[in-house]
$ cat entry06.pdb   # PDB, C-alpha atoms
ATOM      1  CA  MET A  26       0.000   0.000   0.000
ATOM      2  CA  GLU A  27       1.448   3.334  -1.076
ATOM      3  CA  VAL A  28       0.366   6.391   0.919
ATOM      4  CA  VAL A  29       0.644   9.828  -0.715
ATOM      5  CA  ILE A  30       0.078  12.921   1.445
ATOM      6  CA  ALA A  31      -0.376  16.194  -0.432
ATOM      7  CA  ASP A  32      -2.852  19.001  -1.056
ATOM      8  CA  GLU A  33      -6.125  18.259  -2.849
ATOM      9  CA  TYR A  34      -5.003  19.737  -6.168
ATOM     10  CA  THR A  35      -1.806  17.685  -6.270
ATOM     11  CA  LEU A  36      -3.731  14.531  -5.383
ATOM     12  CA  ALA A  37      -6.168  15.161  -8.231
ATOM     13  CA  GLU A  38      -3.323  15.649 -10.697
ATOM     14  CA  LEU A  39      -1.566  12.474  -9.578
ATOM     15  CA  ALA A  40      -4.743  10.397  -9.822
ATOM     16  CA  ALA A  41      -5.490  11.881 -13.235
ATOM     17  CA  ASP A  42      -1.929  11.023 -14.331
ATOM     18  CA  ALA A  43      -2.537   7.356 -13.491
ATOM     19  CA  ILE A  44      -5.857   7.341 -15.348
ATOM     20  CA  GLU A  45      -4.346   9.110 -18.350
ATOM     21  CA  ARG A  46      -1.567   6.523 -18.591
ATOM     22  CA  LEU A  47      -4.194   3.788 -18.599
ATOM     23  CA  LEU A  48      -6.300   5.492 -21.269
ATOM     24  CA  ARG A  49      -3.309   6.123 -23.520
ATOM     25  CA  THR A  50      -1.649   2.725 -23.205
ATOM     26  CA  GLU A  51      -4.447   0.136 -22.977
ATOM     27  CA  ALA A  52      -6.459  -0.911 -26.010
ATOM     28  CA  SER A  53      -9.665  -1.407 -24.016
ATOM     29  CA  PRO A  54      -9.256   0.334 -20.633
ATOM     30  CA  VAL A  55     -11.816  -0.261 -17.898
ATOM     31  CA  LEU A  56     -12.327   2.372 -15.189
ATOM     32  CA  GLY A  57     -14.166   2.123 -11.888
ATOM     33  CA  LEU A  58     -15.987   5.344 -11.012
ATOM     34  CA  ALA A  59     -16.981   6.540  -7.545
ATOM     35  CA  THR A  60     -19.430   9.200  -6.406
ATOM     36  CA  GLY A  61     -19.101  11.484  -3.392
ATOM     37  CA  SER A  62     -16.989  14.571  -2.852
ATOM     38  CA  SER A  63     -13.570  12.877  -2.903
ATOM     39  CA  PRO A  64     -13.303  12.209  -6.684
ATOM     40  CA  LEU A  65     -14.666  15.579  -7.859
ATOM     41  CA  ARG A  66     -11.305  17.280  -8.376
ATOM     42  CA  ILE A  67     -10.107  14.193 -10.271
ATOM     43  CA  TYR A  68     -13.073  14.397 -12.628
ATOM     44  CA  ASP A  69     -12.493  18.125 -13.142
ATOM     45  CA  GLU A  70      -8.834  17.488 -13.969
ATOM     46  CA  LEU A  71      -9.707  14.696 -16.421
ATOM     47  CA  THR A  72     -12.292  16.935 -18.111
ATOM     48  CA  THR A  73      -9.697  19.700 -18.479
ATOM     49  CA  ARG A  74      -7.252  17.266 -20.067
ATOM     50  CA  HIS A  75      -9.979  16.002 -22.393
ATOM     51  CA  GLU A  76     -10.878  19.515 -23.510
ATOM     52  CA  ASN A  77      -7.374  20.979 -23.703
ATOM     53  CA  GLU A  78      -5.083  18.038 -24.429
ATOM     54  CA  GLY A  79      -7.280  15.616 -26.358
ATOM     55  CA  LEU A  80      -7.400  12.948 -23.674
ATOM     56  CA  SER A  81      -9.965  10.473 -25.008
ATOM     57  CA  PHE A  82     -12.254   8.032 -23.217
ATOM     58  CA  ALA A  83     -13.661   6.667 -26.488
ATOM     59  CA  ARG A  84     -12.074   3.223 -26.092
ATOM     60  CA  ALA A  85     -12.883   2.924 -22.393
ATOM     61  CA  GLN A  86     -15.638   1.309 -20.414
ATOM     62  CA  ALA A  87     -16.553   2.380 -16.900
ATOM     63  CA  PHE A  88     -18.362   0.741 -13.994
ATOM     64  CA  MET A  89     -19.951   2.502 -11.047
ATOM     65  CA  LEU A  90     -19.466   1.247  -7.501
ATOM     66  CA  ASP A  91     -23.028   1.435  -6.260
ATOM     67  CA  GLU A  92     -26.563   2.768  -6.634
ATOM     68  CA  TYR A  93     -29.452   3.634  -4.364
ATOM     69  CA  VAL A  94     -32.523   1.380  -4.321
ATOM     70  CA  GLY A  95     -35.971   2.967  -4.350
ATOM     71  CA  ILE A  96     -34.964   6.320  -5.840
ATOM     72  CA  ALA A  97     -36.691   7.733  -8.925
ATOM     73  CA  ASP A  98     -34.788   7.429 -12.202
ATOM     74  CA  GLU A  99     -34.939  11.198 -12.685
ATOM     75  CA  HIS A 100     -33.822  12.077  -9.128
ATOM     76  CA  PRO A 101     -30.665  14.251  -9.260
ATOM     77  CA  GLN A 102     -29.046  12.144  -6.505
ATOM     78  CA  ARG A 103     -29.536   8.858  -8.309
ATOM     79  CA  TYR A 104     -25.922   7.864  -8.677
ATOM     80  CA  ARG A 105     -26.210   7.225 -12.404
ATOM     81  CA  ASN A 106     -27.340  10.831 -12.843
ATOM     82  CA  VAL A 107     -24.562  12.052 -10.565
ATOM     83  CA  ILE A 108     -21.878  10.193 -12.539
ATOM     84  CA  ASP A 109     -23.323  11.473 -15.812
ATOM     85  CA  ALA A 110     -23.144  15.050 -14.543
ATOM     86  CA  GLU A 111     -19.712  14.794 -12.912
ATOM     87  CA  ILE A 112     -17.757  12.955 -15.617
ATOM     88  CA  ALA A 113     -19.580  10.735 -18.138
ATOM     89  CA  THR A 114     -21.214  13.485 -20.216
ATOM     90  CA  ARG A 115     -18.224  15.825 -19.899
ATOM     91  CA  VAL A 116     -15.882  13.565 -21.861
ATOM     92  CA  ASP A 117     -16.239  11.279 -24.888
ATOM     93  CA  PHE A 118     -17.307   7.907 -23.534
ATOM     94  CA  ALA A 119     -19.024   5.884 -26.255
ATOM     95  CA  GLU A 120     -22.757   5.370 -25.922
ATOM     96  CA  GLY A 121     -23.456   2.549 -23.479
ATOM     97  CA  ALA A 122     -19.880   2.444 -22.173
ATOM     98  CA  VAL A 123     -20.719   3.578 -18.632
ATOM     99  CA  HIS A 124     -22.442   0.916 -16.546
ATOM    100  CA  GLY A 125     -24.148   1.035 -13.172
ATOM    101  CA  PRO A 126     -26.026  -1.370 -10.907
ATOM    102  CA  GLU A 127     -29.768  -1.382 -11.634
ATOM    103  CA  GLY A 128     -31.198  -0.124  -8.360
ATOM    104  CA  SER A 129     -34.682   0.064  -9.848
ATOM    105  CA  ALA A 130     -34.743  -3.570 -11.020
ATOM    106  CA  ASP A 131     -37.652  -5.758  -9.958
ATOM    107  CA  ASP A 132     -35.254  -8.602  -9.135
ATOM    108  CA  LEU A 133     -32.296  -7.069  -7.287
ATOM    109  CA  ALA A 134     -30.507 -10.386  -6.814
ATOM    110  CA  ALA A 135     -30.600 -11.007 -10.565
ATOM    111  CA  ALA A 136     -29.466  -7.429 -11.228
ATOM    112  CA  SER A 137     -26.511  -7.965  -8.877
ATOM    113  CA  ALA A 138     -25.468 -11.166 -10.650
ATOM    114  CA  ASP A 139     -25.840  -9.445 -14.026
ATOM    115  CA  TYR A 140     -23.558  -6.632 -12.910
ATOM    116  CA  GLU A 141     -20.871  -9.082 -11.824
ATOM    117  CA  ARG A 142     -21.168 -10.744 -15.230
ATOM    118  CA  LYS A 143     -20.765  -7.447 -17.095
ATOM    119  CA  ILE A 144     -17.597  -6.589 -15.167
ATOM    120  CA  ALA A 145     -16.148 -10.024 -15.939
ATOM    121  CA  GLU A 146     -17.052  -9.770 -19.624
ATOM    122  CA  ALA A 147     -15.235  -6.419 -19.816
ATOM    123  CA  GLY A 148     -12.088  -8.148 -18.571
ATOM    124  CA  GLY A 149     -12.246  -6.734 -15.044
ATOM    125  CA  ILE A 150     -11.559  -3.225 -13.829
ATOM    126  CA  ASP A 151      -8.083  -1.825 -14.494
ATOM    127  CA  LEU A 152      -8.221   1.161 -12.149
ATOM    128  CA  GLN A 153     -10.869   1.708  -9.481
ATOM    129  CA  ILE A 154     -11.377   5.085  -7.829
ATOM    130  CA  LEU A 155     -12.520   4.806  -4.207
ATOM    131  CA  GLY A 156     -13.542   7.033  -1.349
ATOM    132  CA  ILE A 157     -13.967   6.043   2.283
ATOM    133  CA  GLY A 158     -16.755   6.737   4.759
ATOM    134  CA  SER A 159     -16.181   8.070   8.244
ATOM    135  CA  ASP A 160     -17.020   4.576   9.558
ATOM    136  CA  GLY A 161     -14.566   2.892   7.194
ATOM    137  CA  HIS A 162     -16.991   1.742   4.514
ATOM    138  CA  ILE A 163     -15.966   1.623   0.855
ATOM    139  CA  ALA A 164     -18.627   1.668  -1.829
ATOM    140  CA  PHE A 165     -21.654   0.859   0.365
ATOM    141  CA  ASN A 166     -19.978  -2.023   2.208
ATOM    142  CA  GLU A 167     -20.937  -1.000   5.715
ATOM    143  CA  PRO A 168     -19.207  -2.197   8.928
ATOM    144  CA  GLY A 169     -19.834  -5.909   9.320
ATOM    145  CA  SER A 170     -19.714  -6.617   5.591
ATOM    146  CA  SER A 171     -18.091  -9.834   4.478
ATOM    147  CA  LEU A 172     -14.576  -9.224   3.239
ATOM    148  CA  ALA A 173     -15.317 -11.655   0.382
ATOM    149  CA  SER A 174     -18.703 -10.134  -0.555
ATOM    150  CA  ARG A 175     -19.943  -9.659  -4.114
ATOM    151  CA  THR A 176     -22.401  -7.194  -5.654
ATOM    152  CA  ARG A 177     -25.602  -7.337  -3.591
ATOM    153  CA  VAL A 178     -28.340  -5.436  -1.759
ATOM    154  CA  LYS A 179     -27.217  -3.696   1.435
ATOM    155  CA  SER A 180     -28.959  -1.707   4.145
ATOM    156  CA  LEU A 181     -27.354   1.661   4.792
ATOM    157  CA  THR A 182     -26.381   2.528   8.343
ATOM    158  CA  HIS A 183     -27.847   5.560  10.042
ATOM    159  CA  GLN A 184     -24.364   7.144  10.061
ATOM    160  CA  THR A 185     -24.021   6.768   6.280
ATOM    161  CA  ARG A 186     -27.482   8.223   5.770
ATOM    162  CA  LEU A 187     -26.570  11.141   8.057
ATOM    163  CA  ASP A 188     -23.348  11.692   6.091
ATOM    164  CA  ASN A 189     -25.268  11.672   2.788
ATOM    165  CA  ALA A 190     -28.131  13.862   4.002
ATOM    166  CA  ARG A 191     -26.191  16.907   2.763
ATOM    167  CA  PHE A 192     -27.057  15.777  -0.768
ATOM    168  CA  PHE A 193     -30.773  15.589   0.147
ATOM    169  CA  ASP A 194     -31.365  19.102   1.525
ATOM    170  CA  GLY A 195     -30.034  18.006   4.918
ATOM    171  CA  ASP A 196     -33.005  15.690   5.442
ATOM    172  CA  VAL A 197     -31.887  12.194   6.453
ATOM    173  CA  GLU A 198     -35.404  10.870   5.879
ATOM    174  CA  GLN A 199     -35.010  11.525   2.151
ATOM    175  CA  VAL A 200     -31.877   9.342   1.960
ATOM    176  CA  PRO A 201     -32.729   5.821   0.732
ATOM    177  CA  LYS A 202     -32.279   2.983   3.185
ATOM    178  CA  LEU A 203     -31.166   0.356   0.653
ATOM    179  CA  CYS A 204     -28.580   0.197  -2.103
ATOM    180  CA  LEU A 205     -26.917  -2.098  -4.595
ATOM    181  CA  THR A 206     -23.159  -2.144  -4.148
ATOM    182  CA  GLN A 207     -20.117  -3.898  -5.499
ATOM    183  CA  GLY A 208     -18.850  -6.199  -2.776
ATOM    184  CA  LEU A 209     -15.450  -6.035  -1.144
ATOM    185  CA  GLY A 210     -14.449  -9.173  -3.021
ATOM    186  CA  THR A 211     -15.515  -7.550  -6.281
ATOM    187  CA  ILE A 212     -13.541  -4.377  -5.561
ATOM    188  CA  MET A 213     -10.452  -6.376  -4.616
ATOM    189  CA  GLU A 214     -10.341  -7.896  -8.116
ATOM    190  CA  ALA A 215      -9.544  -4.518  -9.711
ATOM    191  CA  LYS A 216      -5.921  -4.313 -10.819
ATOM    192  CA  HIS A 217      -5.185  -0.917  -9.226
ATOM    193  CA  LEU A 218      -7.126   0.765  -6.425
ATOM    194  CA  VAL A 219      -6.819   4.532  -5.954
ATOM    195  CA  LEU A 220      -8.484   5.714  -2.738
ATOM    196  CA  VAL A 221      -8.818   9.441  -2.090
ATOM    197  CA  ALA A 222      -9.708  10.859   1.339
ATOM    198  CA  THR A 223      -9.677  14.462   2.499
ATOM    199  CA  GLY A 224     -10.746  16.181   5.701
ATOM    200  CA  GLY A 225     -10.339  15.493   9.380
ATOM    201  CA  ASN A 226     -13.625  13.574   9.597
ATOM    202  CA  LYS A 227     -11.928  10.770   7.639
ATOM    203  CA  ALA A 228      -8.793  10.635   9.836
ATOM    204  CA  GLU A 229      -9.824   7.760  12.116
ATOM    205  CA  ALA A 230     -11.134   5.658   9.234
ATOM    206  CA  VAL A 231      -7.886   6.267   7.335
ATOM    207  CA  HIS A 232      -5.818   5.315  10.381
ATOM    208  CA  GLN A 233      -7.723   2.050  10.767
ATOM    209  CA  MET A 234      -7.544   1.282   7.034
ATOM    210  CA  VAL A 235      -3.797   1.814   6.734
ATOM    211  CA  GLU A 236      -2.466   0.841  10.165
ATOM    212  CA  GLY A 237      -5.204  -1.097  11.966
ATOM    213  CA  PRO A 238      -5.959  -4.831  11.989
ATOM    214  CA  ILE A 239      -7.965  -6.272   9.118
ATOM    215  CA  SER A 240     -11.545  -6.457  10.320
ATOM    216  CA  ALA A 241     -15.088  -6.357   8.969
ATOM    217  CA  MET A 242     -15.729  -3.631  11.544
ATOM    218  CA  TRP A 243     -13.587  -1.356   9.343
ATOM    219  CA  PRO A 244     -14.311  -2.726   5.840
ATOM    220  CA  ALA A 245     -11.621  -0.643   4.108
ATOM    221  CA  THR A 246      -8.922  -2.548   6.013
ATOM    222  CA  VAL A 247      -9.323  -5.344   3.449
ATOM    223  CA  LEU A 248      -7.314  -3.133   1.074
ATOM    224  CA  GLN A 249      -4.197  -4.068   3.037
ATOM    225  CA  MET A 250      -4.394  -7.408   1.217
ATOM    226  CA  HIS A 251      -4.391  -5.885  -2.284
ATOM    227  CA  PRO A 252      -1.084  -5.862  -4.207
ATOM    228  CA  HIS A 253      -1.526  -2.401  -5.788
ATOM    229  CA  VAL A 254      -3.284   0.242  -3.687
ATOM    230  CA  THR A 255      -2.568   3.965  -3.720
ATOM    231  CA  VAL A 256      -4.025   5.884  -0.768
ATOM    232  CA  MET A 257      -4.122   9.626  -1.459
ATOM    233  CA  LEU A 258      -4.629  11.912   1.559
ATOM    234  CA  ASP A 259      -4.538  15.550   2.521
ATOM    235  CA  ASP A 260      -2.897  16.544   5.806
ATOM    236  CA  ALA A 261      -6.158  16.462   7.746
ATOM    237  CA  ALA A 262      -7.113  12.961   6.618
ATOM    238  CA  ALA A 263      -3.575  11.792   7.398
ATOM    239  CA  SER A 264      -3.458  13.397  10.841
ATOM    240  CA  ARG A 265      -4.032  10.162  12.808
ATOM    241  CA  LEU A 266      -1.394   8.108  10.997
ATOM    242  CA  GLN A 267       1.334   6.936  13.325
ATOM    243  CA  LEU A 268       3.754   6.472  10.428
ATOM    244  CA  GLY A 269       2.860   9.675   8.607
ATOM    245  CA  ASP A 270       6.445  10.933   8.505
ATOM    246  CA  TYR A 271       7.610   7.630   7.039
ATOM    247  CA  TYR A 272       4.947   7.704   4.305
ATOM    248  CA  ARG A 273       6.017  11.226   3.341
ATOM    249  CA  HIS A 274       9.675  10.179   3.279
ATOM    250  CA  ALA A 275       8.966   7.069   1.201
ATOM    251  CA  TYR A 276       6.995   9.002  -1.404
ATOM    252  CA  GLU A 277       9.504  11.851  -1.635
ATOM    253  CA  ASN A 278      12.336   9.366  -2.220
ATOM    254  CA  LYS A 279      10.656   6.891  -4.562
ATOM    255  CA  PRO A 280      12.533   6.176  -7.821
ATOM    256  CA  GLU A 281      11.577   8.414 -10.742
ATOM    257  CA  TRP A 282      10.645   5.389 -12.853
ATOM    258  CA  GLN A 283       8.148   4.138 -10.288
ATOM    259  CA  SER A 284       4.699   5.564 -11.050
ATOM    260  CA  LEU A 285       1.615   5.305  -8.844
TER
END

$ encode --input "entry06.pdb" --output "structure tokens"
Amino acid sequence: MEVVIADEYTLAELAADAIERLLRTEASPVLGLATGSSPLRIYDELTTRHENEGLSFARAQAFMLDEYVGIADEHPQRYRNVIDAEIATRVDFAEGAVHGPEGSADDLAAASADYERKIAEAGGIDLQILGIGSDGHIAFNEPGSSLASRTRVKSLTHQTRLDNARFFDGDVEQVPKLCLTQGLGTIMEAKHLVLVATGGNKAEAVHQMVEGPISAMWPATVLQMHPHVTVMLDDAAASRLQLGDYYRHAYENKPEWQSL
């Protein structure tokens, strides 16, 4: 696990660099897209490179991490609409290249299995963008989730619904109680995981993820078992790390040829 501690703008540029390398070098790149506030600067940077430098997404496919259940298709906080607004319609993805779990499906178990199949048929995800919740969840894998879980229906915790109420006019009762989410086992099959966390409210979750024991109580700790994870933090999110100075030293002295 590589830990990079920098300001938000530098983190966005570094993450965009990794995505750009993938888009320019792979014949059929597959991206994993995340919602939330953490990836927004990355999406802005990628859009700028698309508009100003000709960075193309035309050969790429993309898969979303999760989707609310029981939310209207036209609702602005439906994650498919959020991803469309934040990145998909701002660049040149081919029609039908961006996929999401079908939270409005009549048979959610079948929709979950179908989503797993689509990811496999695409050849798996090359680079997955991740955020982390204040309770250590990634995607919507809440505390207590199986570390080997696959795409499935999950109940959202009250804490997650409180955290997301800011997107629903501050009203937690408007936040759906169920979701479809990629499982931890699904996420762990991506070739490269890039997790971005900013702000002091993420500091304890980041500390547990990077330096704590692997436990379903802090689902993100499963990332310690992945062979290629980049954790990108601002100073506030990194403030609880016991080895923060070491992570800074290691990144500052990494070989020039070694990319993220």

$ closest_residue --input "entry06.pdb" --among "A:Ile67, A:Ala147, A:Val247, A:Ala43" --to "Met213 of chain A" --atoms "all atoms listed in the file"
A:Val247

$ residues_around --input "entry06.pdb" --residues "Thr246 of chain A" --least-positions-apart "3" --cutoff "9 Å" --atoms "only C-alpha atoms" --output "list in words"
Gly161, Val231, Gln233, Met234, Val235, Glu236, Gly237, Pro238, Ile239, Ser240, Ala241, Met242, Trp243, Gln249 and Met250 of chain A

$ atom_distance --input "entry06.pdb" --atom1 "atom CA of Glu76 of chain A" --atom2 "atom CA of Leu48 of chain A"
14.9 Å

$ resolve_selection --input "entry06.pdb" --expression "the PyMOL selection byres ((chain A and resi 92) around 6)" --output "list in words"
Asp91, Tyr93, Tyr104, Pro126, Gly128, Cys204 and Leu205 of chain A

$ closest_residue --input "entry06.pdb" --among "A:Ile150, A:Leu248, A:Leu172, A:Leu65" --to "Glu214 of chain A" --atoms "all atoms listed in the file"
A:Ile150

$ residues_near_point --input "entry06.pdb" --point "(-21.1, 2.2, -20.5)" --cutoff "6 Å" --atoms "only C-alpha atoms" --output "list in words"
Gln86, Ala87, Gly121, Ala122, Val123 and His124 of chain A

$ closest_residue --input "entry06.pdb" --among "A:Val94, A:Ala262, A:Ala136, A:Val219" --to "Ala40 of chain A" --atoms "all atoms listed in the file"
A:Val219

$ residues_around --input "entry06.pdb" --residues "segment 222-226 of chain A" --least-positions-apart "6" --cutoff "10 Å" --atoms "all atoms listed in the file" --output "list in words"
Ile30, Ala31, Asp32, Glu33, Leu36, Ser62, Ser63, Pro64, Leu155, Gly156, Ile157, Gly158, Ser159, Asp160, Val256, Met257, Leu258, Asp259, Asp260, Ala261, Ala262, Ala263, Ser264 and Arg265 of chain A

$ write_last_selection --input "entry06.pdb" --atoms "C-alpha atoms" --output "PDB file, keeping the file's coordinate frame"
ATOM      1  CA  ILE A  30       0.078  12.921   1.445  1.00  0.00           C
ATOM      2  CA  ALA A  31      -0.376  16.194  -0.432  1.00  0.00           C
ATOM      3  CA  ASP A  32      -2.852  19.001  -1.056  1.00  0.00           C
ATOM      4  CA  GLU A  33      -6.125  18.259  -2.849  1.00  0.00           C
ATOM      5  CA  LEU A  36      -3.731  14.531  -5.383  1.00  0.00           C
ATOM      6  CA  SER A  62     -16.989  14.571  -2.852  1.00  0.00           C
ATOM      7  CA  SER A  63     -13.570  12.877  -2.903  1.00  0.00           C
ATOM      8  CA  PRO A  64     -13.303  12.209  -6.684  1.00  0.00           C
ATOM      9  CA  LEU A 155     -12.520   4.806  -4.207  1.00  0.00           C
ATOM     10  CA  GLY A 156     -13.542   7.033  -1.349  1.00  0.00           C
ATOM     11  CA  ILE A 157     -13.967   6.043   2.283  1.00  0.00           C
ATOM     12  CA  GLY A 158     -16.755   6.737   4.759  1.00  0.00           C
ATOM     13  CA  SER A 159     -16.181   8.070   8.244  1.00  0.00           C
ATOM     14  CA  ASP A 160     -17.020   4.576   9.558  1.00  0.00           C
ATOM     15  CA  VAL A 256      -4.025   5.884  -0.768  1.00  0.00           C
ATOM     16  CA  MET A 257      -4.122   9.626  -1.459  1.00  0.00           C
ATOM     17  CA  LEU A 258      -4.629  11.912   1.559  1.00  0.00           C
ATOM     18  CA  ASP A 259      -4.538  15.550   2.521  1.00  0.00           C
ATOM     19  CA  ASP A 260      -2.897  16.544   5.806  1.00  0.00           C
ATOM     20  CA  ALA A 261      -6.158  16.462   7.746  1.00  0.00           C
ATOM     21  CA  ALA A 262      -7.113  12.961   6.618  1.00  0.00           C
ATOM     22  CA  ALA A 263      -3.575  11.792   7.398  1.00  0.00           C
ATOM     23  CA  SER A 264      -3.458  13.397  10.841  1.00  0.00           C
ATOM     24  CA  ARG A 265      -4.032  10.162  12.808  1.00  0.00           C
TER      25      ARG A 265
END

$ residues_around --input "entry06.pdb" --residues "Ala190 of chain A" --least-positions-apart "6" --cutoff "7 Å" --atoms "only C-alpha atoms" --output "number ranges by chain"
A: 196-197, 200

$ atom_distance --input "entry06.pdb" --atom1 "atom CA of Asn166 of chain A" --atom2 "atom CA of Lys179 of chain A"
7.5 Å

$ residues_near_point --input "entry06.pdb" --point "(3.8, 2.9, -11.5)" --cutoff "10 Å" --atoms "all atoms listed in the file" --output "list in words"
Ala43, Arg46, His253, Glu281, Trp282, Gln283, Ser284 and Leu285 of chain A

$ resolve_selection --input "entry06.pdb" --expression "the PyMOL selection byres ((chain A and resi 119) around 8)" --output "list of chain:residue names"
A:Phe82, A:Ala83, A:Arg84, A:Ala85, A:Asp117, A:Phe118, A:Glu120, A:Gly121, A:Ala122

$ build_atoms --input "entry06.pdb" --residues "segment 264-278 of chain A" --atoms "N, CA, C and O atoms" --output "PDB file, in the coordinates of the input"
ATOM      1  N   SER A 264      -3.907  12.896   9.544  1.00  0.00           N
ATOM      2  CA  SER A 264      -3.458  13.397  10.841  1.00  0.00           C
ATOM      3  C   SER A 264      -3.382  12.341  11.934  1.00  0.00           C
ATOM      4  O   SER A 264      -2.694  12.536  12.940  1.00  0.00           O
ATOM      5  N   ARG A 265      -4.067  11.205  11.785  1.00  0.00           N
ATOM      6  CA  ARG A 265      -4.032  10.162  12.808  1.00  0.00           C
ATOM      7  C   ARG A 265      -3.023   9.064  12.491  1.00  0.00           C
ATOM      8  O   ARG A 265      -2.848   8.129  13.268  1.00  0.00           O
ATOM      9  N   LEU A 266      -2.335   9.162  11.379  1.00  0.00           N
ATOM     10  CA  LEU A 266      -1.394   8.108  10.997  1.00  0.00           C
ATOM     11  C   LEU A 266      -0.155   8.152  11.883  1.00  0.00           C
ATOM     12  O   LEU A 266       0.509   9.177  12.006  1.00  0.00           O
ATOM     13  N   GLN A 267       0.157   7.009  12.468  1.00  0.00           N
ATOM     14  CA  GLN A 267       1.334   6.936  13.325  1.00  0.00           C
ATOM     15  C   GLN A 267       2.624   6.985  12.521  1.00  0.00           C
ATOM     16  O   GLN A 267       3.656   7.438  13.013  1.00  0.00           O
ATOM     17  N   LEU A 268       2.566   6.518  11.276  1.00  0.00           N
ATOM     18  CA  LEU A 268       3.754   6.472  10.428  1.00  0.00           C
ATOM     19  C   LEU A 268       3.702   7.537   9.338  1.00  0.00           C
ATOM     20  O   LEU A 268       4.296   7.377   8.268  1.00  0.00           O
ATOM     21  N   GLY A 269       3.004   8.630   9.604  1.00  0.00           N
ATOM     22  CA  GLY A 269       2.860   9.675   8.607  1.00  0.00           C
ATOM     23  C   GLY A 269       4.173  10.200   8.068  1.00  0.00           C
ATOM     24  O   GLY A 269       4.334  10.402   6.856  1.00  0.00           O
ATOM     25  N   ASP A 270       5.144  10.424   8.947  1.00  0.00           N
ATOM     26  CA  ASP A 270       6.445  10.933   8.505  1.00  0.00           C
ATOM     27  C   ASP A 270       7.138   9.935   7.576  1.00  0.00           C
ATOM     28  O   ASP A 270       7.784  10.331   6.599  1.00  0.00           O
ATOM     29  N   TYR A 271       7.001   8.653   7.896  1.00  0.00           N
ATOM     30  CA  TYR A 271       7.610   7.630   7.039  1.00  0.00           C
ATOM     31  C   TYR A 271       6.957   7.623   5.661  1.00  0.00           C
ATOM     32  O   TYR A 271       7.651   7.537   4.634  1.00  0.00           O
ATOM     33  N   TYR A 272       5.624   7.716   5.606  1.00  0.00           N
ATOM     34  CA  TYR A 272       4.947   7.704   4.305  1.00  0.00           C
ATOM     35  C   TYR A 272       5.383   8.898   3.458  1.00  0.00           C
ATOM     36  O   TYR A 272       5.598   8.760   2.244  1.00  0.00           O
ATOM     37  N   ARG A 273       5.536  10.051   4.081  1.00  0.00           N
ATOM     38  CA  ARG A 273       6.017  11.226   3.341  1.00  0.00           C
ATOM     39  C   ARG A 273       7.429  10.995   2.822  1.00  0.00           C
ATOM     40  O   ARG A 273       7.746  11.301   1.668  1.00  0.00           O
ATOM     41  N   HIS A 274       8.293  10.444   3.675  1.00  0.00           N
ATOM     42  CA  HIS A 274       9.675  10.179   3.279  1.00  0.00           C
ATOM     43  C   HIS A 274       9.732   9.167   2.132  1.00  0.00           C
ATOM     44  O   HIS A 274      10.473   9.359   1.156  1.00  0.00           O
ATOM     45  N   ALA A 275       8.941   8.110   2.233  1.00  0.00           N
ATOM     46  CA  ALA A 275       8.966   7.069   1.201  1.00  0.00           C
ATOM     47  C   ALA A 275       8.513   7.622  -0.143  1.00  0.00           C
ATOM     48  O   ALA A 275       9.112   7.306  -1.193  1.00  0.00           O
ATOM     49  N   TYR A 276       7.476   8.462  -0.128  1.00  0.00           N
ATOM     50  CA  TYR A 276       6.995   9.002  -1.404  1.00  0.00           C
ATOM     51  C   TYR A 276       7.982  10.000  -1.990  1.00  0.00           C
ATOM     52  O   TYR A 276       8.251   9.992  -3.205  1.00  0.00           O
ATOM     53  N   GLU A 277       8.563  10.846  -1.148  1.00  0.00           N
ATOM     54  CA  GLU A 277       9.504  11.851  -1.635  1.00  0.00           C
ATOM     55  C   GLU A 277      10.772  11.223  -2.212  1.00  0.00           C
ATOM     56  O   GLU A 277      11.435  11.835  -3.062  1.00  0.00           O
ATOM     57  N   ASN A 278      11.092  10.006  -1.786  1.00  0.00           N
ATOM     58  CA  ASN A 278      12.336   9.366  -2.220  1.00  0.00           C
ATOM     59  C   ASN A 278      12.108   8.156  -3.116  1.00  0.00           C
ATOM     60  O   ASN A 278      13.033   7.381  -3.355  1.00  0.00           O
TER      61      ASN A 278
END
